[in-house]
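**Q** Sharing a structure, written as structure tokens. Questions coming.
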Amino acid sequence: MFHCAALLAIIVVVAGCAEVGGKWTPVSGGSGSALNTVVATAETVPVASQGDAADDPAIWVDGRNPSRSLIIGTDKRLGLNLYDLEGRLLQSLADGQLNNVDLRDGFILEGQRAVLVAATNRSDRTILLYVLDPLAQRLIRIEDAIVTGFDEPYGLCMYASPAGEHFVFASDAGSGRFRQWRLRAVGGRIIAERVREFIVGTQAEGCVADDELEQLYVAEEDRALWKYSAAPAGGRRRIAVDRVNGSNGLVADIEGVALWRGRNGRGYIVVSNQGANNYAVYRREDGNAFVGLFEVATDAARGIDGTSETDGLDVTSAAVGPAYPDGLLVVQDGRNEPAGQRQNFKLVSWRAVAAALRLAAQD
């Protein structure tokens with residue numbers, strides 16, 4: 001565990017890490033509820049813990065050397081794991097029952113740009129904070145933890161506003177309660193100020209913030225995918241993007257939520273449709289039109305099994321090496337095959353998803 005002041009010697013400024021994309025758009029109004037199939041390109045080594053353990057990933061994009069981009073994944077019985085794009089384990093931190101994880105680049109820590117990572121910790125009901133050292137490919141824990149006041153911290157996502165402020169959202173398991181904190185660096189420490197609270201309704205875990213459009217998507221597991229304002233003054237007003245047991249094929253539970261960010265406000269919202277072992281895709285644009293469903297099937301040639309019962313997921317539109325020219329999707333696999341293997345995460349090329357959903361290149 002390190003105090004922030006001790007990190008300055010190892011925090012590396014990595015410029016140009018913003019995601020880019022926007023090459024794909026549906027040919028037509030969507031593919032209805034028809035199911036499409038993709039396969040994974042790679043998978044991570046299994047987590048150390050047995051049973052229901054792997055949960056939520058976060059992708060960090062190295063803007064200078066995309067092939068050195070990294071994946072952070074939670075082992076909710078142990079802590080955090082750090083992987084490379086081949087799925088190799090680079091670091092494991094036994095820091096508690098960490099459930100969900102997210103990150104944002106560009107957090108200013110004592111005058112330096114840092115990659116800030118946050119994770120909900122059910123062991124002591126806090127949010128743990130880390131700095132990612134890109135050159136050493138290591139996570140460094142910060143001594144400042146956020147006391148949530150929750151019985152069981154659960155879901156988590158981060159938000160960086162257009163004005164440059166950084167926030168973290170977290171939910172309480174069971175109650176459907178969300179809280180939002182503003183994060184500031186003061187005198188070598190990170191201070192969290194609670195700025196907002198709202199109740200989704202019932203249990204909600206997956207969430208993602210659209211920094212550019214100032215929106216927050218939340219998956220209420222057995223009811224709906226909701227869109228809120230991400231601003232601290234956003235209140236409780238929300239719009240239902242889609243509902244469980246509707247015509248598009250969402251079924252309980254809906255879990256992880258991620259954003260594939262395109263240009264000019266375009267892109268896609270990807271949702272783990274856990275109860276159906278597949279994934280739902282919606283437009284990022286106003287109206288959030290439904291695009292279609294896809295599943296990750298077994299690739300016998302590569303020896304990589306398909307996915308099922310996915311909890312968390314993350315996606316980037318940035319090109320992160322030759323295998324992922326249009327972006328990368330990482331999903332948790334709840335039933336890693338062959339039977340008896342511990343859970344892991346699968347890596348899927350966005351180009352495969354675009355082909356499966358019949359997306360065409362944008363201008």
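Within each chain, counting starts at residue 1; across the structure tokens, chains are named A, B, ... in the order shown, with ligands numbered 1 upward in that order.
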If we count only C-alpha atoms, what is near stretch 348-357 of chain A at a cut-off of 7 Å, once residues fewer than 3 positions away on the same chain are taken out, given as a ChimeraX atom specification?

**A** /A:36-41,292,323-324,326-330

**Q** Create the file for the chosen residues now, containing N, CA and C atoms and written as a PDB file, in the first residue's frame.

**A**
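File written: result_15.pdb
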ATOM      1  N   ASN A  36     -27.013 -14.136 -33.192  1.00  0.00           N
ATOM      2  CA  ASN A  36     -25.837 -14.230 -34.042  1.00  0.00           C
ATOM      3  C   ASN A  36     -24.674 -14.779 -33.215  1.00  0.00           C
ATOM      4  N   THR A  37     -23.677 -15.330 -33.889  1.00  0.00           N
ATOM      5  CA  THR A  37     -22.617 -16.057 -33.187  1.00  0.00           C
ATOM      6  C   THR A  37     -21.240 -15.506 -33.527  1.00  0.00           C
ATOM      7  N   VAL A  38     -20.395 -15.373 -32.496  1.00  0.00           N
ATOM      8  CA  VAL A  38     -18.986 -15.027 -32.661  1.00  0.00           C
ATOM      9  C   VAL A  38     -18.177 -16.019 -31.834  1.00  0.00           C
ATOM     10  N   VAL A  39     -16.868 -16.000 -31.999  1.00  0.00           N
ATOM     11  CA  VAL A  39     -15.981 -16.814 -31.164  1.00  0.00           C
ATOM     12  C   VAL A  39     -14.913 -15.912 -30.564  1.00  0.00           C
ATOM     13  N   ALA A  40     -14.331 -16.349 -29.461  1.00  0.00           N
ATOM     14  CA  ALA A  40     -13.284 -15.582 -28.797  1.00  0.00           C
ATOM     15  C   ALA A  40     -11.949 -15.779 -29.499  1.00  0.00           C
ATOM     16  N   THR A  41     -11.134 -14.736 -29.470  1.00  0.00           N
ATOM     17  CA  THR A  41      -9.785 -14.798 -30.033  1.00  0.00           C
ATOM     18  C   THR A  41      -8.793 -15.334 -29.011  1.00  0.00           C
ATOM     19  N   GLY A 292     -29.367  -5.826 -31.857  1.00  0.00           N
ATOM     20  CA  GLY A 292     -29.470  -7.273 -31.978  1.00  0.00           C
ATOM     21  C   GLY A 292     -28.817  -7.990 -30.818  1.00  0.00           C
ATOM     22  N   ALA A 323      -4.967  -8.268 -33.748  1.00  0.00           N
ATOM     23  CA  ALA A 323      -6.121  -9.145 -33.532  1.00  0.00           C
ATOM     24  C   ALA A 323      -7.396  -8.375 -33.259  1.00  0.00           C
ATOM     25  N   TYR A 324      -7.271  -7.064 -32.948  1.00  0.00           N
ATOM     26  CA  TYR A 324      -8.443  -6.272 -32.552  1.00  0.00           C
ATOM     27  C   TYR A 324      -8.421  -4.909 -33.247  1.00  0.00           C
ATOM     28  N   ASP A 326     -10.652  -3.110 -34.712  1.00  0.00           N
ATOM     29  CA  ASP A 326     -11.794  -2.213 -34.498  1.00  0.00           C
ATOM     30  C   ASP A 326     -12.251  -2.205 -33.044  1.00  0.00           C
ATOM     31  N   GLY A 327     -11.413  -2.729 -32.169  1.00  0.00           N
ATOM     32  CA  GLY A 327     -11.757  -2.723 -30.760  1.00  0.00           C
ATOM     33  C   GLY A 327     -11.815  -4.121 -30.171  1.00  0.00           C
ATOM     34  N   LEU A 328     -11.963  -4.165 -28.862  1.00  0.00           N
ATOM     35  CA  LEU A 328     -11.901  -5.400 -28.096  1.00  0.00           C
ATOM     36  C   LEU A 328     -13.062  -5.463 -27.118  1.00  0.00           C
ATOM     37  N   LEU A 329     -13.695  -6.624 -27.046  1.00  0.00           N
ATOM     38  CA  LEU A 329     -14.720  -6.920 -26.049  1.00  0.00           C
ATOM     39  C   LEU A 329     -14.170  -7.989 -25.113  1.00  0.00           C
ATOM     40  N   VAL A 330     -14.254  -7.749 -23.797  1.00  0.00           N
ATOM     41  CA  VAL A 330     -13.833  -8.729 -22.797  1.00  0.00           C
ATOM     42  C   VAL A 330     -15.045  -9.083 -21.944  1.00  0.00           C
TER      43      VAL A 330
END

**Q** Among stretch 74-305 of chain A, which residues carry a DSSP assignment of strand (DSSP E), reported as number ranges by chain?

**A** A: 74-75, 79-83, 89-93, 98-109, 112-121, 126-133, 138-141, 146-147, 153-160, 166-172, 177-186, 189-199, 204-210, 215-220, 224-229, 238-243, 254-261, 267-273, 278-283, 290-297

**Q** For A:Ser69, which of A:Gly187, A:Pro325, A:Pro134, A:Pro162 is the closest residue, counting only C-alpha atoms?

**A**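 Looking only at the distances to A:Ser69, the closest residue turns out to be A:Pro134.
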
**Q** Leaving out A:Arg68 and any residue of its chain fewer than 6 positions from it, which residues lie within 8 Å of it when counting only C-alpha atoms, given as a compact mmCIF listing (two decimals) with N, CA, C and O atoms, in the first residue's frame?

**A**
# COMPACT_ATOMS: atom_id res chain seq x y z
N VAL A 61 -6.29 1.11 -22.43
CA VAL A 61 -5.69 1.21 -23.76
C VAL A 61 -4.40 2.02 -23.70
O VAL A 61 -4.40 3.17 -23.26
N ASP A 62 -3.31 1.42 -24.14
CA ASP A 62 -2.02 2.11 -24.22
C ASP A 62 -1.97 2.84 -25.56
O ASP A 62 -1.80 2.22 -26.62
N ASP A 84 -2.32 -9.35 -19.73
CA ASP A 84 -2.01 -8.75 -21.02
C ASP A 84 -3.02 -9.22 -22.06
O ASP A 84 -3.96 -9.96 -21.74
N LEU A 85 -2.83 -8.81 -23.31
CA LEU A 85 -3.81 -9.14 -24.36
C LEU A 85 -3.73 -10.59 -24.81
O LEU A 85 -4.58 -11.03 -25.58

**Q** As a short mmCIF file (atom, residue, chain, number, x, y, z; two decimals) with N, CA, C and O atoms, in the first residue's frame, please: the residues near A:Gln332 (cut-off 8 Å, only C-alpha atoms, same-chain neighbours under 2 positions excluded).

**A**
data_model
loop_
_atom_site.label_atom_id
_atom_site.label_comp_id
_atom_site.auth_asym_id
_atom_site.auth_seq_id
_atom_site.Cartn_x
_atom_site.Cartn_y
_atom_site.Cartn_z
N ALA A 54 -14.61 -15.11 -10.73
CA ALA A 54 -14.35 -14.04 -11.70
C ALA A 54 -15.62 -13.23 -11.89
O ALA A 54 -16.73 -13.78 -11.87
N ASP A 55 -15.49 -11.92 -12.06
CA ASP A 55 -16.72 -11.13 -12.18
C ASP A 55 -16.65 -10.04 -13.23
O ASP A 55 -17.37 -10.08 -14.21
N ASP A 56 -15.78 -9.05 -13.05
CA ASP A 56 -15.88 -7.83 -13.86
C ASP A 56 -14.51 -7.44 -14.41
O ASP A 56 -13.53 -7.41 -13.67
N PRO A 57 -14.41 -7.13 -15.72
CA PRO A 57 -13.15 -6.65 -16.30
C PRO A 57 -13.19 -5.16 -16.62
O PRO A 57 -14.25 -4.54 -16.73
N THR A 307 -19.02 -18.76 -24.02
CA THR A 307 -19.28 -18.13 -22.72
C THR A 307 -20.72 -18.40 -22.28
O THR A 307 -21.61 -18.63 -23.10
N THR A 310 -22.60 -14.74 -18.11
CA THR A 310 -21.65 -13.64 -17.98
C THR A 310 -22.12 -12.60 -16.98
O THR A 310 -23.24 -12.11 -17.07
N ASP A 311 -21.24 -12.26 -16.04
CA ASP A 311 -21.48 -11.14 -15.12
C ASP A 311 -21.01 -9.85 -15.79
O ASP A 311 -21.73 -9.22 -16.52
N GLY A 312 -19.74 -9.45 -15.54
CA GLY A 312 -19.26 -8.20 -16.06
C GLY A 312 -18.64 -8.32 -17.44
O GLY A 312 -18.24 -9.40 -17.88
N LEU A 313 -18.56 -7.18 -18.12
CA LEU A 313 -17.90 -7.09 -19.42
C LEU A 313 -17.38 -5.68 -19.61
O LEU A 313 -17.78 -4.74 -18.93
N VAL A 330 -14.25 -7.75 -23.80
CA VAL A 330 -13.83 -8.73 -22.80
C VAL A 330 -15.04 -9.08 -21.94
O VAL A 330 -15.72 -8.19 -21.42
N GLY A 334 -18.91 -17.50 -16.95
CA GLY A 334 -19.36 -18.07 -15.69
C GLY A 334 -19.24 -19.58 -15.59
O GLY A 334 -19.32 -20.13 -14.50
N GLN A 343 -13.24 -20.13 -13.32
CA GLN A 343 -13.75 -19.13 -14.26
C GLN A 343 -12.63 -18.28 -14.83
O GLN A 343 -11.55 -18.15 -14.25
N ASN A 344 -12.91 -17.66 -15.99
CA ASN A 344 -11.94 -16.74 -16.60
C ASN A 344 -12.66 -15.70 -17.43
O ASN A 344 -13.88 -15.54 -17.34
N PHE A 345 -11.89 -14.97 -18.24
CA PHE A 345 -12.42 -13.93 -19.13
C PHE A 345 -12.06 -14.27 -20.57
O PHE A 345 -10.95 -14.74 -20.85
N LYS A 346 -12.99 -14.01 -21.48
CA LYS A 346 -12.78 -14.24 -22.91
C LYS A 346 -12.58 -12.91 -23.62
O LYS A 346 -13.22 -11.90 -23.29
#

**Q** What does the distance from atom CA of A:Glu214 to atom CA of A:Ala185 come to in Å, to one decimal?

**A**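 Separating atom CA of A:Glu214 from atom CA of A:Ala185 is a distance of 22.0 Å.
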
**Q** Tell me, as a PyMOL selection string, which residues lie within 9 Å of stretch 249-252 of chain A, counting only C-alpha atoms; anything in the same chain fewer than 5 positions away does not count.

**A** chain A and resi 32-34+221-224+242-244+273-276+279-280+293

**Q** Taking N, CA and C atoms for each residue, export the selection above as a PDB file, in the first residue's frame.

**A**
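And here's again_17.pdb as it stands now:
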ATOM      1  N   GLY A  32     -33.622  -7.387 -34.976  1.00  0.00           N
ATOM      2  CA  GLY A  32     -34.658  -7.983 -34.155  1.00  0.00           C
ATOM      3  C   GLY A  32     -34.050  -8.805 -33.053  1.00  0.00           C
ATOM      4  N   SER A  33     -34.690  -9.904 -32.694  1.00  0.00           N
ATOM      5  CA  SER A  33     -34.178 -10.745 -31.619  1.00  0.00           C
ATOM      6  C   SER A  33     -33.426 -11.960 -32.150  1.00  0.00           C
ATOM      7  N   ALA A  34     -33.107 -11.995 -33.446  1.00  0.00           N
ATOM      8  CA  ALA A  34     -32.351 -13.105 -34.017  1.00  0.00           C
ATOM      9  C   ALA A  34     -30.982 -13.173 -33.364  1.00  0.00           C
ATOM     10  N   GLU A 221     -31.311  -5.653 -12.598  1.00  0.00           N
ATOM     11  CA  GLU A 221     -31.118  -7.008 -13.087  1.00  0.00           C
ATOM     12  C   GLU A 221     -32.374  -7.698 -13.598  1.00  0.00           C
ATOM     13  N   ASP A 222     -33.479  -7.569 -12.908  1.00  0.00           N
ATOM     14  CA  ASP A 222     -34.671  -8.307 -13.323  1.00  0.00           C
ATOM     15  C   ASP A 222     -35.761  -7.412 -13.898  1.00  0.00           C
ATOM     16  N   ARG A 223     -35.379  -6.152 -14.239  1.00  0.00           N
ATOM     17  CA  ARG A 223     -36.417  -5.241 -14.727  1.00  0.00           C
ATOM     18  C   ARG A 223     -36.070  -4.504 -16.021  1.00  0.00           C
ATOM     19  N   ALA A 224     -34.957  -3.751 -16.045  1.00  0.00           N
ATOM     20  CA  ALA A 224     -34.736  -2.885 -17.207  1.00  0.00           C
ATOM     21  C   ALA A 224     -33.317  -2.367 -17.265  1.00  0.00           C
ATOM     22  N   ASP A 242     -34.529  -0.449 -22.443  1.00  0.00           N
ATOM     23  CA  ASP A 242     -35.170  -1.726 -22.779  1.00  0.00           C
ATOM     24  C   ASP A 242     -35.607  -2.385 -21.482  1.00  0.00           C
ATOM     25  N   ARG A 243     -36.574  -3.307 -21.591  1.00  0.00           N
ATOM     26  CA  ARG A 243     -37.113  -3.957 -20.402  1.00  0.00           C
ATOM     27  C   ARG A 243     -37.001  -5.473 -20.516  1.00  0.00           C
ATOM     28  N   VAL A 244     -36.832  -6.100 -19.365  1.00  0.00           N
ATOM     29  CA  VAL A 244     -36.799  -7.552 -19.281  1.00  0.00           C
ATOM     30  C   VAL A 244     -38.148  -8.111 -19.715  1.00  0.00           C
ATOM     31  N   ASN A 273     -26.713 -10.225 -21.245  1.00  0.00           N
ATOM     32  CA  ASN A 273     -28.045 -10.795 -21.057  1.00  0.00           C
ATOM     33  C   ASN A 273     -27.854 -12.167 -20.397  1.00  0.00           C
ATOM     34  N   GLN A 274     -27.487 -12.127 -19.119  1.00  0.00           N
ATOM     35  CA  GLN A 274     -26.970 -13.308 -18.438  1.00  0.00           C
ATOM     36  C   GLN A 274     -27.947 -14.480 -18.450  1.00  0.00           C
ATOM     37  N   GLY A 275     -29.217 -14.203 -18.235  1.00  0.00           N
ATOM     38  CA  GLY A 275     -30.201 -15.277 -18.162  1.00  0.00           C
ATOM     39  C   GLY A 275     -30.370 -16.049 -19.447  1.00  0.00           C
ATOM     40  N   ALA A 276     -29.921 -15.468 -20.572  1.00  0.00           N
ATOM     41  CA  ALA A 276     -30.035 -16.130 -21.873  1.00  0.00           C
ATOM     42  C   ALA A 276     -28.666 -16.518 -22.437  1.00  0.00           C
ATOM     43  N   TYR A 279     -25.644 -11.584 -25.448  1.00  0.00           N
ATOM     44  CA  TYR A 279     -25.344 -10.173 -25.250  1.00  0.00           C
ATOM     45  C   TYR A 279     -26.245  -9.340 -26.147  1.00  0.00           C
ATOM     46  N   ALA A 280     -26.770  -8.244 -25.587  1.00  0.00           N
ATOM     47  CA  ALA A 280     -27.644  -7.347 -26.327  1.00  0.00           C
ATOM     48  C   ALA A 280     -26.873  -6.074 -26.678  1.00  0.00           C
ATOM     49  N   LEU A 293     -28.860  -9.321 -30.875  1.00  0.00           N
ATOM     50  CA  LEU A 293     -28.260 -10.193 -29.877  1.00  0.00           C
ATOM     51  C   LEU A 293     -27.144 -11.015 -30.518  1.00  0.00           C
TER      52      LEU A 293
END

**Q** Which residue, A:Gly96, A:Arg358, A:Leu347, A:Phe167, has the smallest gap to A:Phe294 when you use only C-alpha atoms?

**A**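 Of the candidates, the smallest distance to A:Phe294 is held by A:Arg358.
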
**Q** Tell me, as a list of chain:residue names, which residues lie within 8 Å of A:Arg194, counting only C-alpha atoms; anything in the same chain fewer than 5 positions away does not count.

**A**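 Listed by chain and then number, they are A:Arg179, A:Gln180, A:Trp181, A:Arg182.
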
**Q** In Å, how far is it from atom CA of A:Gly262 to atom CA of A:Asp286?

**A**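 Straight-line distance from atom CA of A:Gly262 to atom CA of A:Asp286 works out to 13.7 Å.
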
**Q** Atom CA of A:Val147 to atom CA of A:Gly106: how many Å, to one decimal?

**A**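 For atom CA of A:Val147 relative to atom CA of A:Gly106, the distance reads 23.5 Å.
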
**Q** When you count only C-alpha atoms, which of these residues is closest to A:Val281: A:Glu86, A:Asp75, A:Glu152, A:Glu295?

**A**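 Looking at the shortest contact to A:Val281, the residue is A:Glu295.
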
**Q** Would you mind telling me which residue in A:Gly256, A:Gly149, A:Gly155, A:Gly340 lies nearest to A:Glu309 when using only C-alpha atoms?

**A**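 Smallest distance to A:Glu309 is found for A:Gly256.
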
**Q** Choose the residue, out of A:Tyr217, A:Tyr268, A:Tyr282, A:Tyr154, that has the smallest atom-to-atom separation from A:Ser317; count only C-alpha atoms.

**A** A:Tyr268

**Q** Got a sec: who's within 12 Å of A:Ile127, counting only C-alpha atoms, leaving out chain neighbours fewer than 3 positions off, as a PyMOL selection string?

**A** chain A and resi 95-102+117-124+130+141-150+152-158+168-172+179-181+183+192
